[in-house]
$ cat model36.cif   # mmCIF, C-alpha atoms and all ligand atoms
data_model
#
loop_
_atom_site.label_atom_id
_atom_site.label_comp_id
_atom_site.auth_asym_id
_atom_site.auth_seq_id
_atom_site.Cartn_x
_atom_site.Cartn_y
_atom_site.Cartn_z
CA MET A 619 29.00 -53.93 -10.11
CA ASN A 620 32.72 -53.84 -10.59
CA SER A 621 35.64 -51.67 -9.54
CA LYS A 622 35.16 -49.41 -12.55
CA HIS A 623 31.60 -48.65 -11.41
CA ILE A 624 32.84 -47.98 -7.88
CA GLN A 625 35.50 -45.60 -9.18
CA GLU A 626 33.09 -43.76 -11.46
CA ALA A 627 30.59 -43.24 -8.64
CA ALA A 628 33.34 -42.08 -6.27
CA GLU A 629 34.78 -39.70 -8.87
CA ALA A 630 31.35 -38.17 -9.45
CA ILE A 631 31.01 -37.47 -5.72
CA LYS A 632 34.60 -36.23 -5.39
CA GLY A 633 33.98 -33.76 -8.19
CA LYS A 634 31.21 -32.13 -6.16
CA ILE A 635 32.87 -31.91 -2.74
CA SER A 636 35.95 -30.26 -1.30
CA SER A 637 36.13 -32.29 1.94
CA GLN A 638 37.64 -35.73 2.54
CA PRO A 639 35.11 -37.79 4.52
CA LYS A 640 36.64 -40.33 6.91
CA ILE A 641 33.44 -41.52 8.58
CA GLY A 642 30.39 -42.85 6.78
CA LEU A 643 26.91 -43.07 8.23
CA ILE A 644 23.96 -45.05 6.93
CA LEU A 645 20.70 -43.80 8.39
CA GLY A 646 17.80 -46.19 8.79
CA SER A 647 14.03 -45.61 8.61
CA GLY A 648 13.04 -42.36 10.27
CA LEU A 649 16.60 -41.65 11.46
CA GLY A 650 17.43 -39.09 8.78
CA VAL A 651 17.36 -36.22 11.31
CA LEU A 652 21.13 -36.27 11.69
CA ALA A 653 21.54 -35.04 8.14
CA GLU A 654 20.03 -31.69 9.16
CA LEU A 655 22.89 -31.11 11.59
CA ILE A 656 25.68 -31.41 9.05
CA GLU A 657 27.66 -28.20 8.62
CA ASN A 658 28.45 -26.95 5.14
CA PRO A 659 26.27 -29.73 3.75
CA LYS A 660 26.68 -30.82 0.19
CA VAL A 661 23.63 -32.81 -0.86
CA ILE A 662 23.92 -35.21 -3.77
CA ALA A 663 20.80 -37.07 -4.90
CA TYR A 664 21.36 -40.74 -5.66
CA ASP A 665 20.20 -40.22 -9.22
CA GLU A 666 23.12 -37.81 -9.76
CA ILE A 667 25.60 -40.60 -8.93
CA PRO A 668 26.45 -43.05 -11.71
CA HIS A 669 25.45 -46.68 -11.07
CA PHE A 670 23.49 -45.75 -7.92
CA PRO A 671 20.01 -47.24 -7.68
CA THR A 672 17.19 -45.12 -6.27
CA SER A 673 15.47 -45.94 -3.00
CA THR A 674 11.77 -46.85 -3.10
CA VAL A 675 10.56 -46.88 0.55
CA VAL A 676 8.55 -44.26 2.42
CA GLY A 677 10.72 -42.74 5.14
CA HIS A 678 13.91 -43.20 3.12
CA ALA A 679 15.10 -40.18 1.16
CA GLY A 680 17.63 -40.92 -1.51
CA GLU A 681 20.60 -38.66 -1.04
CA MET A 682 24.15 -38.41 0.20
CA VAL A 683 24.93 -35.53 2.53
CA ILE A 684 28.58 -34.63 2.93
CA GLY A 685 30.07 -32.15 5.39
CA GLN A 686 31.15 -31.80 9.01
CA LEU A 687 29.45 -33.29 12.04
CA SER A 688 30.89 -32.91 15.56
CA GLY A 689 34.11 -31.68 13.99
CA LYS A 690 34.51 -34.77 11.78
CA GLU A 691 34.35 -35.00 8.01
CA VAL A 692 31.43 -37.30 7.27
CA ILE A 693 29.44 -38.71 4.40
CA MET A 694 25.91 -39.73 5.22
CA MET A 695 23.53 -41.95 3.30
CA LYS A 696 20.04 -40.68 3.89
CA GLY A 697 18.07 -43.70 2.78
CA ARG A 698 19.50 -47.09 2.00
CA PHE A 699 18.72 -49.96 -0.34
CA HIS A 700 17.12 -53.19 0.79
CA MET A 701 16.99 -56.62 -0.77
CA TYR A 702 13.20 -56.65 -0.30
CA GLU A 703 13.04 -53.87 -2.88
CA GLY A 704 14.35 -56.41 -5.34
CA TYR A 705 17.99 -55.33 -5.30
CA ASP A 706 20.82 -57.83 -5.35
CA PRO A 707 23.07 -57.74 -2.29
CA GLN A 708 25.87 -56.31 -4.48
CA ILE A 709 23.64 -53.33 -5.31
CA VAL A 710 22.53 -52.86 -1.70
CA THR A 711 26.16 -52.64 -0.63
CA PHE A 712 27.47 -50.61 -3.57
CA PRO A 713 27.39 -47.33 -1.57
CA VAL A 714 29.65 -48.89 1.08
CA ARG A 715 32.19 -49.67 -1.66
CA VAL A 716 31.93 -46.11 -2.90
CA MET A 717 32.48 -44.71 0.60
CA LYS A 718 35.58 -46.86 0.97
CA GLN A 719 36.85 -45.62 -2.38
CA LEU A 720 36.37 -42.05 -1.11
CA GLY A 721 38.63 -42.79 1.87
CA VAL A 722 36.07 -43.64 4.53
CA GLU A 723 37.63 -45.72 7.33
CA SER A 724 34.76 -46.17 9.78
CA LEU A 725 31.08 -46.75 9.21
CA ILE A 726 28.15 -46.10 11.52
CA VAL A 727 25.19 -48.24 10.51
CA THR A 728 21.78 -47.53 12.00
CA ASN A 729 18.41 -49.16 11.62
CA ALA A 730 14.96 -49.57 13.05
CA ALA A 731 14.47 -53.04 14.50
CA GLY A 732 11.91 -55.12 16.34
CA GLY A 733 12.87 -56.08 19.88
CA ILE A 734 13.16 -59.83 20.44
CA ASP A 735 14.73 -59.55 23.89
CA GLU A 736 11.77 -59.19 26.24
CA SER A 737 13.71 -56.90 28.56
CA PHE A 738 13.70 -54.27 25.78
CA SER A 739 10.96 -51.69 25.18
CA ALA A 740 9.94 -49.82 22.07
CA GLY A 741 11.98 -46.63 22.02
CA ASP A 742 15.19 -48.22 23.33
CA LEU A 743 18.48 -47.86 21.53
CA MET A 744 20.58 -51.01 21.12
CA LEU A 745 24.28 -51.21 20.47
CA ILE A 746 24.79 -54.01 17.95
CA THR A 747 27.44 -56.35 19.34
CA ASP A 748 27.15 -58.97 16.58
CA HIS A 749 24.72 -60.16 13.95
CA LEU A 750 23.04 -63.20 12.46
CA ASN A 751 22.82 -63.01 8.69
CA LEU A 752 19.60 -64.93 8.11
CA THR A 753 18.98 -63.39 4.72
CA PHE A 754 20.92 -66.35 3.31
CA ARG A 755 22.39 -63.92 0.78
CA ASN A 756 25.97 -62.77 0.73
CA PRO A 757 27.23 -59.74 -1.18
CA LEU A 758 30.64 -61.37 -1.64
CA ILE A 759 29.40 -64.29 -3.73
CA GLY A 760 31.12 -64.43 -7.09
CA LYS A 761 34.69 -63.87 -8.21
CA ASN A 762 36.63 -62.08 -5.47
CA ASP A 763 38.37 -58.83 -6.36
CA ASP A 764 41.47 -59.07 -4.15
CA ALA A 765 41.96 -55.31 -4.48
CA LEU A 766 38.69 -54.86 -2.56
CA GLY A 767 39.27 -57.46 0.16
CA ALA A 768 40.02 -61.06 1.06
CA ARG A 769 38.18 -64.07 -0.39
CA PHE A 770 37.27 -65.27 3.11
CA PRO A 771 37.07 -62.18 5.29
CA ASP A 772 37.19 -62.47 9.06
CA MET A 773 33.92 -61.54 10.76
CA SER A 774 34.98 -62.19 14.36
CA GLN A 775 34.82 -58.49 15.20
CA ALA A 776 32.27 -57.43 12.62
CA TYR A 777 31.26 -54.63 15.00
CA ASN A 778 34.51 -53.08 16.16
CA ARG A 779 35.17 -53.55 19.87
CA ASP A 780 36.79 -50.14 20.40
CA LEU A 781 33.86 -48.40 18.76
CA GLN A 782 31.46 -50.41 20.94
CA GLN A 783 33.37 -49.23 24.01
CA ALA A 784 33.26 -45.65 22.76
CA ALA A 785 29.48 -45.88 22.30
CA LEU A 786 28.94 -47.41 25.75
CA GLN A 787 31.13 -44.75 27.34
CA THR A 788 29.27 -42.01 25.49
CA ALA A 789 25.88 -43.37 26.53
CA LYS A 790 27.02 -43.40 30.15
CA GLU A 791 28.31 -39.84 29.99
CA GLU A 792 25.11 -38.61 28.39
CA GLY A 793 22.76 -40.55 30.65
CA ILE A 794 21.34 -42.48 27.71
CA GLU A 795 20.23 -46.03 28.36
CA LEU A 796 21.88 -48.21 25.73
CA GLN A 797 20.86 -51.83 25.37
CA GLN A 798 23.25 -54.30 23.75
CA GLY A 799 22.56 -57.29 21.59
CA VAL A 800 22.65 -59.36 18.45
CA TYR A 801 20.90 -57.99 15.36
CA VAL A 802 19.18 -60.54 13.15
CA GLY A 803 18.98 -59.57 9.49
CA LEU A 804 16.11 -61.11 7.49
CA LEU A 805 15.00 -60.44 3.93
CA GLY A 806 11.49 -59.16 4.69
CA PRO A 807 9.36 -57.42 3.60
CA SER A 808 6.68 -59.24 5.61
CA TYR A 809 7.24 -58.94 9.32
CA GLU A 810 7.94 -62.14 11.22
CA THR A 811 5.43 -64.55 12.68
CA PRO A 812 5.42 -65.11 16.45
CA ALA A 813 6.85 -68.60 15.84
CA GLU A 814 9.73 -67.10 13.85
CA ILE A 815 10.44 -64.65 16.67
CA ARG A 816 10.53 -67.50 19.22
CA MET A 817 12.98 -69.32 16.93
CA LEU A 818 15.18 -66.23 16.55
CA ARG A 819 15.24 -65.83 20.33
CA THR A 820 16.53 -69.38 20.78
CA PHE A 821 19.14 -68.58 18.11
CA GLY A 822 20.46 -65.78 20.30
CA GLY A 823 18.92 -62.83 18.48
CA SER A 824 18.05 -59.67 20.41
CA ALA A 825 16.49 -57.55 17.66
CA VAL A 826 15.32 -58.16 14.11
CA GLY A 827 15.29 -56.09 10.95
CA MET A 828 15.59 -56.14 7.17
CA SER A 829 18.87 -54.34 6.56
CA THR A 830 22.42 -53.82 7.79
CA VAL A 831 23.96 -57.32 7.65
CA THR A 832 25.02 -57.25 4.00
CA GLU A 833 26.42 -53.72 4.39
CA VAL A 834 28.40 -54.83 7.42
CA ILE A 835 29.81 -57.84 5.54
CA VAL A 836 31.08 -55.55 2.77
CA ALA A 837 32.44 -52.99 5.25
CA ASN A 838 34.44 -55.77 6.93
CA HIS A 839 35.60 -57.11 3.58
CA ALA A 840 36.80 -53.59 2.79
CA GLY A 841 38.61 -53.28 6.12
CA MET A 842 36.32 -50.64 7.59
CA LYS A 843 35.51 -50.42 11.29
CA VAL A 844 31.80 -50.67 12.01
CA LEU A 845 29.63 -49.23 14.76
CA GLY A 846 26.01 -50.39 14.69
CA ILE A 847 23.03 -48.85 16.48
CA SER A 848 19.46 -50.13 16.34
CA CYS A 849 16.44 -48.15 17.32
CA ILE A 850 13.97 -50.61 18.81
CA SER A 851 10.92 -49.26 17.04
CA ASN A 852 8.52 -51.94 18.21
CA MET A 853 8.52 -55.19 20.10
CA ALA A 854 8.75 -58.11 17.66
CA ALA A 855 5.70 -60.10 16.59
CA GLY A 856 3.80 -62.01 19.25
CA ILE A 857 5.38 -60.28 22.26
CA LEU A 858 2.65 -57.71 22.69
CA ASP A 859 -0.88 -58.48 21.62
CA GLN A 860 -0.94 -56.00 18.75
CA PRO A 861 -0.20 -55.96 15.02
CA LEU A 862 3.03 -54.48 13.66
CA SER A 863 3.03 -51.60 11.20
CA HIS A 864 5.48 -49.38 9.37
CA GLU A 865 3.57 -46.42 10.86
CA GLU A 866 4.44 -47.59 14.38
CA VAL A 867 8.07 -47.95 13.33
CA MET A 868 8.12 -44.38 12.01
CA GLU A 869 6.32 -42.99 15.08
CA THR A 870 8.74 -44.57 17.53
CA THR A 871 11.85 -43.48 15.61
CA GLU A 872 10.39 -39.96 15.68
CA GLN A 873 10.19 -40.19 19.49
CA VAL A 874 13.74 -41.46 20.00
CA LYS A 875 15.44 -39.16 17.56
CA GLU A 876 16.73 -36.78 20.26
CA LYS A 877 18.67 -39.43 22.20
CA PHE A 878 19.75 -41.09 18.97
CA LYS A 879 21.08 -37.74 17.74
CA THR A 880 22.91 -37.10 21.01
CA LEU A 881 24.50 -40.54 21.06
CA VAL A 882 25.84 -40.23 17.51
CA LEU A 883 26.96 -36.60 17.87
CA LYS A 884 28.84 -37.36 21.07
CA VAL A 885 30.44 -40.59 19.92
CA LEU A 886 31.82 -39.08 16.70
CA PRO A 887 34.63 -37.13 18.38
CA LYS A 888 35.83 -40.42 19.93
CA MET A 889 36.15 -42.08 16.52
N1 LIG A 901 10.77 -56.90 12.16
C1 LIG A 901 11.54 -56.71 11.07
N2 LIG A 901 12.00 -55.53 10.72
C2 LIG A 901 11.68 -54.47 11.48
C3 LIG A 901 10.87 -54.60 12.62
C4 LIG A 901 10.38 -55.89 12.97
O1 LIG A 901 9.67 -56.09 13.97
N3 LIG A 901 10.74 -53.36 13.15
C5 LIG A 901 11.46 -52.51 12.36
N4 LIG A 901 12.03 -53.19 11.34
#

$ encode --input "model36.cif" --output "structure tokens"
Amino acid sequence: MNSKHIQEAAEAIKGKISSQPKIGLILGSGLGVLAELIENPKVIAYDEIPHFPTSTVVGHAGEMVIGQLSGKEVIMMKGRFHMYEGYDPQIVTFPVRVMKQLGVESLIVTNAAGGIDESFSAGDLMLITDHLNLTFRNPLIGKNDDALGARFPDMSQAYNRDLQQAALQTAKEEGIELQQGVYVGLLGPSYETPAEIRMLRTFGGSAVGMSTVTEVIVANHAGMKVLGISCISNMAAGILDQPLSHEEVMETTEQVKEKFKTLVLKVLPKM
């Protein structure tokens, strides 16, 4: 992946749209509902975009939807790429580079995550205040392209403080309970063991998942502001005496989609 690839992908998208998206959204497992609300939607399948990989997971469509949402010009990724699918972190984060190239300034990242914090319940929404990148992969490894960002980018406000405030304010106004916490990104695809969850809790993690952290590193490298929202789709391994399954994750995200939708729709005008 290099800047020529980024430009070619961005040009291909630009050629199909008339709007100028300023806000990007990446929708996690089961959270694709927002795409249906986009006005004047232009749908572009990933396989129509040069250098884009195609997504391989159930519950993740592979398309960009571009249009207006809550009066804002947005570009939405319906379905993302994960390292557990075998993609390098540079590939996983390629769409974020393309969004930046298109003029996107802020990014809303969403995901389904397992609750580590025992005060959470399945079905909660969590504002991501910070993250632990325990994938031990970094999308910025290799020669730095200074045109894309700094060699050693600051991550001290990886999740923009103003956007966090806007989300908290919105949740309050809408009567939506919004938890807050630290998202732990692991490689997956196996879920964690109870011992791993106990370790992550002592590390300060509040919720765990298999996405987001590499995308957020690239967004910060590119100078984008990030807002992160997790849907707590299940309590993490060992907390409740029951096995974890992707079906449970999909069922819970289905149940929370209304409040998730409201939160995003109402926070957008504040961005
Ligand atoms: N662990 C990791 N990833 C997840 C989980 C989990 O419990 N739930 C949803 N994504």

$ atom_distance --input "model36.cif" --atom1 "atom CA of Thr788 of chain A" --atom2 "atom CA of Ser851 of chain A"
21.5 Å

$ closest_residue --input "model36.cif" --among "A:Gly846, A:Pro659, A:Pro713, A:Gly648" --to "ligand LIG 901 (chain A)" --atoms "only C-alpha atoms and all ligand atoms"
A:Gly648

$ residues_near_ligand --input "model36.cif" --ligand "ligand LIG 901 (chain A)" --cutoff "8 Å" --atoms "all atoms listed in the file" --output "PyMOL selection string"
chain A and resi 729-733+804+806-810+825-828+850-855+862+864+867

$ write_last_selection --input "model36.cif" --atoms "C-alpha atoms" --output "PDB file, in the frame of the given file"
ATOM      1  CA  ASN A 729      18.410 -49.160  11.620  1.00  0.00           C
ATOM      2  CA  ALA A 730      14.960 -49.570  13.050  1.00  0.00           C
ATOM      3  CA  ALA A 731      14.470 -53.040  14.500  1.00  0.00           C
ATOM      4  CA  GLY A 732      11.910 -55.120  16.340  1.00  0.00           C
ATOM      5  CA  GLY A 733      12.870 -56.080  19.880  1.00  0.00           C
ATOM      6  CA  LEU A 804      16.110 -61.110   7.490  1.00  0.00           C
ATOM      7  CA  GLY A 806      11.490 -59.160   4.690  1.00  0.00           C
ATOM      8  CA  PRO A 807       9.360 -57.420   3.600  1.00  0.00           C
ATOM      9  CA  SER A 808       6.680 -59.240   5.610  1.00  0.00           C
ATOM     10  CA  TYR A 809       7.240 -58.940   9.320  1.00  0.00           C
ATOM     11  CA  GLU A 810       7.940 -62.140  11.220  1.00  0.00           C
ATOM     12  CA  ALA A 825      16.490 -57.550  17.660  1.00  0.00           C
ATOM     13  CA  VAL A 826      15.320 -58.160  14.110  1.00  0.00           C
ATOM     14  CA  GLY A 827      15.290 -56.090  10.950  1.00  0.00           C
ATOM     15  CA  MET A 828      15.590 -56.140   7.170  1.00  0.00           C
ATOM     16  CA  ILE A 850      13.970 -50.610  18.810  1.00  0.00           C
ATOM     17  CA  SER A 851      10.920 -49.260  17.040  1.00  0.00           C
ATOM     18  CA  ASN A 852       8.520 -51.940  18.210  1.00  0.00           C
ATOM     19  CA  MET A 853       8.520 -55.190  20.100  1.00  0.00           C
ATOM     20  CA  ALA A 854       8.750 -58.110  17.660  1.00  0.00           C
ATOM     21  CA  ALA A 855       5.700 -60.100  16.590  1.00  0.00           C
ATOM     22  CA  LEU A 862       3.030 -54.480  13.660  1.00  0.00           C
ATOM     23  CA  HIS A 864       5.480 -49.380   9.370  1.00  0.00           C
ATOM     24  CA  VAL A 867       8.070 -47.950  13.330  1.00  0.00           C
TER      25      VAL A 867
END

$ residues_near_point --input "model36.cif" --point "(38.4, -42.9, 5.8)" --cutoff "12 Å" --atoms "only C-alpha atoms" --output "number ranges by chain"
A: 637-643, 690-693, 714-725, 837, 840-844, 889

$ atom_distance --input "model36.cif" --atom1 "atom CA of Glu681 of chain A" --atom2 "atom CA of Leu758 of chain A"
24.8 Å

$ atom_distance --input "model36.cif" --atom1 "atom CA of Glu866 of chain A" --atom2 "atom CA of Gly697 of chain A"
18.3 Å

$ closest_residue --input "model36.cif" --among "A:Met701, A:Cys849, A:Ala785, A:Met744" --to "Gly646 of chain A" --atoms "only C-alpha atoms"
A:Cys849

$ closest_residue --input "model36.cif" --among "A:Leu752, A:Ala740, A:Ala653, A:Leu786" --to "Glu814 of chain A" --atoms "all atoms listed in the file"
A:Leu752

$ closest_residue --input "model36.cif" --among "A:Met817, A:Leu743, A:Val834, A:Ala765" --to "Tyr777 of chain A" --atoms "all atoms listed in the file"
A:Val834

$ residues_around --input "model36.cif" --residues "Met619 of chain A" --least-positions-apart "6" --cutoff "12 Å" --atoms "all atoms listed in the file" --output "PDB file with C-alpha atoms, in the coordinates of the input"
ATOM      1  CA  GLN A 625      35.500 -45.600  -9.180  1.00  0.00           C
ATOM      2  CA  GLU A 626      33.090 -43.760 -11.460  1.00  0.00           C
ATOM      3  CA  ALA A 627      30.590 -43.240  -8.640  1.00  0.00           C
ATOM      4  CA  PRO A 668      26.450 -43.050 -11.710  1.00  0.00           C
ATOM      5  CA  HIS A 669      25.450 -46.680 -11.070  1.00  0.00           C
ATOM      6  CA  PHE A 670      23.490 -45.750  -7.920  1.00  0.00           C
ATOM      7  CA  PRO A 671      20.010 -47.240  -7.680  1.00  0.00           C
ATOM      8  CA  ASP A 706      20.820 -57.830  -5.350  1.00  0.00           C
ATOM      9  CA  PRO A 707      23.070 -57.740  -2.290  1.00  0.00           C
ATOM     10  CA  GLN A 708      25.870 -56.310  -4.480  1.00  0.00           C
ATOM     11  CA  ILE A 709      23.640 -53.330  -5.310  1.00  0.00           C
ATOM     12  CA  VAL A 710      22.530 -52.860  -1.700  1.00  0.00           C
ATOM     13  CA  THR A 711      26.160 -52.640  -0.630  1.00  0.00           C
ATOM     14  CA  PHE A 712      27.470 -50.610  -3.570  1.00  0.00           C
ATOM     15  CA  PRO A 713      27.390 -47.330  -1.570  1.00  0.00           C
ATOM     16  CA  ARG A 715      32.190 -49.670  -1.660  1.00  0.00           C
ATOM     17  CA  VAL A 716      31.930 -46.110  -2.900  1.00  0.00           C
ATOM     18  CA  PRO A 757      27.230 -59.740  -1.180  1.00  0.00           C
ATOM     19  CA  LEU A 758      30.640 -61.370  -1.640  1.00  0.00           C
ATOM     20  CA  GLY A 760      31.120 -64.430  -7.090  1.00  0.00           C
ATOM     21  CA  LYS A 761      34.690 -63.870  -8.210  1.00  0.00           C
ATOM     22  CA  ASP A 763      38.370 -58.830  -6.360  1.00  0.00           C
TER      23      ASP A 763
END

$ closest_residue --input "model36.cif" --among "A:Ile847, A:Ile631, A:Ala784, A:Leu766" --to "Gln798 of chain A" --atoms "only C-alpha atoms"
A:Ile847

$ residues_around --input "model36.cif" --residues "Gly799 of chain A" --least-positions-apart "5" --cutoff "8 Å" --atoms "all atoms listed in the file" --output "PDB file with C-alpha atoms, in the frame of the given file"
ATOM      1  CA  MET A 744      20.580 -51.010  21.120  1.00  0.00           C
ATOM      2  CA  LEU A 745      24.280 -51.210  20.470  1.00  0.00           C
ATOM      3  CA  ILE A 746      24.790 -54.010  17.950  1.00  0.00           C
ATOM      4  CA  THR A 747      27.440 -56.350  19.340  1.00  0.00           C
ATOM      5  CA  ASP A 748      27.150 -58.970  16.580  1.00  0.00           C
ATOM      6  CA  GLY A 823      18.920 -62.830  18.480  1.00  0.00           C
ATOM      7  CA  SER A 824      18.050 -59.670  20.410  1.00  0.00           C
ATOM      8  CA  ALA A 825      16.490 -57.550  17.660  1.00  0.00           C
TER       9      ALA A 825
END

$ closest_residue --input "model36.cif" --among "A:Met773, A:Val651, A:Val683, A:Ile644" --to "His839 of chain A" --atoms "only C-alpha atoms"
A:Met773

$ closest_atom_pairs --input "model36.cif" --of "segment 626-687 of chain A" --to "segment 875-886 of chain A" --cutoff "8 Å" --atoms "only C-alpha atoms" --output "JSON lines"
{"residue": "A:Leu649", "atom": "CA", "partner": "A:Lys875", "partner_atom": "CA", "distance": 6.7}
{"residue": "A:Val651", "atom": "CA", "partner": "A:Lys875", "partner_atom": "CA", "distance": 7.2}
{"residue": "A:Leu652", "atom": "CA", "partner": "A:Lys879", "partner_atom": "CA", "distance": 6.2}
{"residue": "A:Leu687", "atom": "CA", "partner": "A:Leu883", "partner_atom": "CA", "distance": 7.2}

$ build_atoms --input "model36.cif" --residues "segment 881-889 of chain A" --atoms "all heavy atoms" --output "PDB file, keeping the file's coordinate frame"
ATOM      1  N   LEU A 881      23.537 -39.430  21.005  1.00  0.00           N
ATOM      2  CA  LEU A 881      24.500 -40.540  21.060  1.00  0.00           C
ATOM      3  C   LEU A 881      25.480 -40.457  19.886  1.00  0.00           C
ATOM      4  O   LEU A 881      26.697 -40.551  20.073  1.00  0.00           O
ATOM      5  CB  LEU A 881      23.754 -41.882  21.048  1.00  0.00           C
ATOM      6  CG  LEU A 881      24.618 -43.143  21.128  1.00  0.00           C
ATOM      7  CD1 LEU A 881      25.407 -43.194  22.439  1.00  0.00           C
ATOM      8  CD2 LEU A 881      23.778 -44.410  20.982  1.00  0.00           C
ATOM      9  N   VAL A 882      24.958 -40.262  18.691  1.00  0.00           N
ATOM     10  CA  VAL A 882      25.840 -40.230  17.510  1.00  0.00           C
ATOM     11  C   VAL A 882      26.746 -38.993  17.537  1.00  0.00           C
ATOM     12  O   VAL A 882      27.953 -39.099  17.309  1.00  0.00           O
ATOM     13  CB  VAL A 882      25.019 -40.303  16.200  1.00  0.00           C
ATOM     14  CG1 VAL A 882      25.928 -40.138  14.994  1.00  0.00           C
ATOM     15  CG2 VAL A 882      24.263 -41.622  16.119  1.00  0.00           C
ATOM     16  N   LEU A 883      26.162 -37.831  17.847  1.00  0.00           N
ATOM     17  CA  LEU A 883      26.960 -36.600  17.870  1.00  0.00           C
ATOM     18  C   LEU A 883      28.100 -36.672  18.866  1.00  0.00           C
ATOM     19  O   LEU A 883      29.190 -36.180  18.625  1.00  0.00           O
ATOM     20  CB  LEU A 883      26.074 -35.391  18.208  1.00  0.00           C
ATOM     21  CG  LEU A 883      25.125 -34.923  17.125  1.00  0.00           C
ATOM     22  CD1 LEU A 883      24.256 -33.768  17.637  1.00  0.00           C
ATOM     23  CD2 LEU A 883      25.895 -34.467  15.882  1.00  0.00           C
ATOM     24  N   LYS A 884      27.833 -37.319  20.011  1.00  0.00           N
ATOM     25  CA  LYS A 884      28.840 -37.360  21.070  1.00  0.00           C
ATOM     26  C   LYS A 884      29.844 -38.494  20.886  1.00  0.00           C
ATOM     27  O   LYS A 884      30.930 -38.455  21.443  1.00  0.00           O
ATOM     28  CB  LYS A 884      28.175 -37.482  22.442  1.00  0.00           C
ATOM     29  CG  LYS A 884      27.247 -36.334  22.772  1.00  0.00           C
ATOM     30  CD  LYS A 884      28.017 -35.053  23.092  1.00  0.00           C
ATOM     31  CE  LYS A 884      27.039 -33.924  23.418  1.00  0.00           C
ATOM     32  NZ  LYS A 884      27.703 -32.695  23.844  1.00  0.00           N
ATOM     33  N   VAL A 885      29.469 -39.504  20.118  1.00  0.00           N
ATOM     34  CA  VAL A 885      30.440 -40.590  19.920  1.00  0.00           C
ATOM     35  C   VAL A 885      31.411 -40.239  18.778  1.00  0.00           C
ATOM     36  O   VAL A 885      32.561 -40.689  18.767  1.00  0.00           O
ATOM     37  CB  VAL A 885      29.734 -41.966  19.667  1.00  0.00           C
ATOM     38  CG1 VAL A 885      29.229 -42.137  18.248  1.00  0.00           C
ATOM     39  CG2 VAL A 885      30.672 -43.128  20.002  1.00  0.00           C
ATOM     40  N   LEU A 886      30.966 -39.420  17.859  1.00  0.00           N
ATOM     41  CA  LEU A 886      31.820 -39.080  16.700  1.00  0.00           C
ATOM     42  C   LEU A 886      33.201 -38.555  17.081  1.00  0.00           C
ATOM     43  O   LEU A 886      34.192 -39.002  16.489  1.00  0.00           O
ATOM     44  CB  LEU A 886      31.079 -38.074  15.785  1.00  0.00           C
ATOM     45  CG  LEU A 886      30.119 -38.678  14.772  1.00  0.00           C
ATOM     46  CD1 LEU A 886      29.261 -37.566  14.135  1.00  0.00           C
ATOM     47  CD2 LEU A 886      30.865 -39.439  13.671  1.00  0.00           C
ATOM     48  N   PRO A 887      33.297 -37.625  18.045  1.00  0.00           N
ATOM     49  CA  PRO A 887      34.630 -37.130  18.380  1.00  0.00           C
ATOM     50  C   PRO A 887      35.572 -38.214  18.898  1.00  0.00           C
ATOM     51  O   PRO A 887      36.792 -38.058  18.878  1.00  0.00           O
ATOM     52  CB  PRO A 887      34.367 -36.082  19.473  1.00  0.00           C
ATOM     53  CG  PRO A 887      32.939 -35.713  19.312  1.00  0.00           C
ATOM     54  CD  PRO A 887      32.250 -36.942  18.793  1.00  0.00           C
ATOM     55  N   LYS A 888      34.999 -39.325  19.376  1.00  0.00           N
ATOM     56  CA  LYS A 888      35.830 -40.420  19.930  1.00  0.00           C
ATOM     57  C   LYS A 888      36.273 -41.381  18.828  1.00  0.00           C
ATOM     58  O   LYS A 888      36.966 -42.360  19.087  1.00  0.00           O
ATOM     59  CB  LYS A 888      35.046 -41.194  20.986  1.00  0.00           C
ATOM     60  CG  LYS A 888      34.590 -40.349  22.171  1.00  0.00           C
ATOM     61  CD  LYS A 888      34.064 -41.244  23.291  1.00  0.00           C
ATOM     62  CE  LYS A 888      33.718 -40.460  24.536  1.00  0.00           C
ATOM     63  NZ  LYS A 888      32.291 -40.272  24.739  1.00  0.00           N
ATOM     64  N   MET A 889      35.832 -41.124  17.596  1.00  0.00           N
ATOM     65  CA  MET A 889      36.150 -42.080  16.520  1.00  0.00           C
ATOM     66  C   MET A 889      37.389 -41.649  15.747  1.00  0.00           C
ATOM     67  O   MET A 889      37.765 -40.509  15.711  1.00  0.00           O
ATOM     68  CB  MET A 889      34.956 -42.191  15.570  1.00  0.00           C
ATOM     69  CG  MET A 889      33.766 -42.851  16.244  1.00  0.00           C
ATOM     70  SD  MET A 889      32.335 -43.019  15.153  1.00  0.00           S
ATOM     71  CE  MET A 889      32.905 -44.222  13.963  1.00  0.00           C
TER      72      MET A 889
END
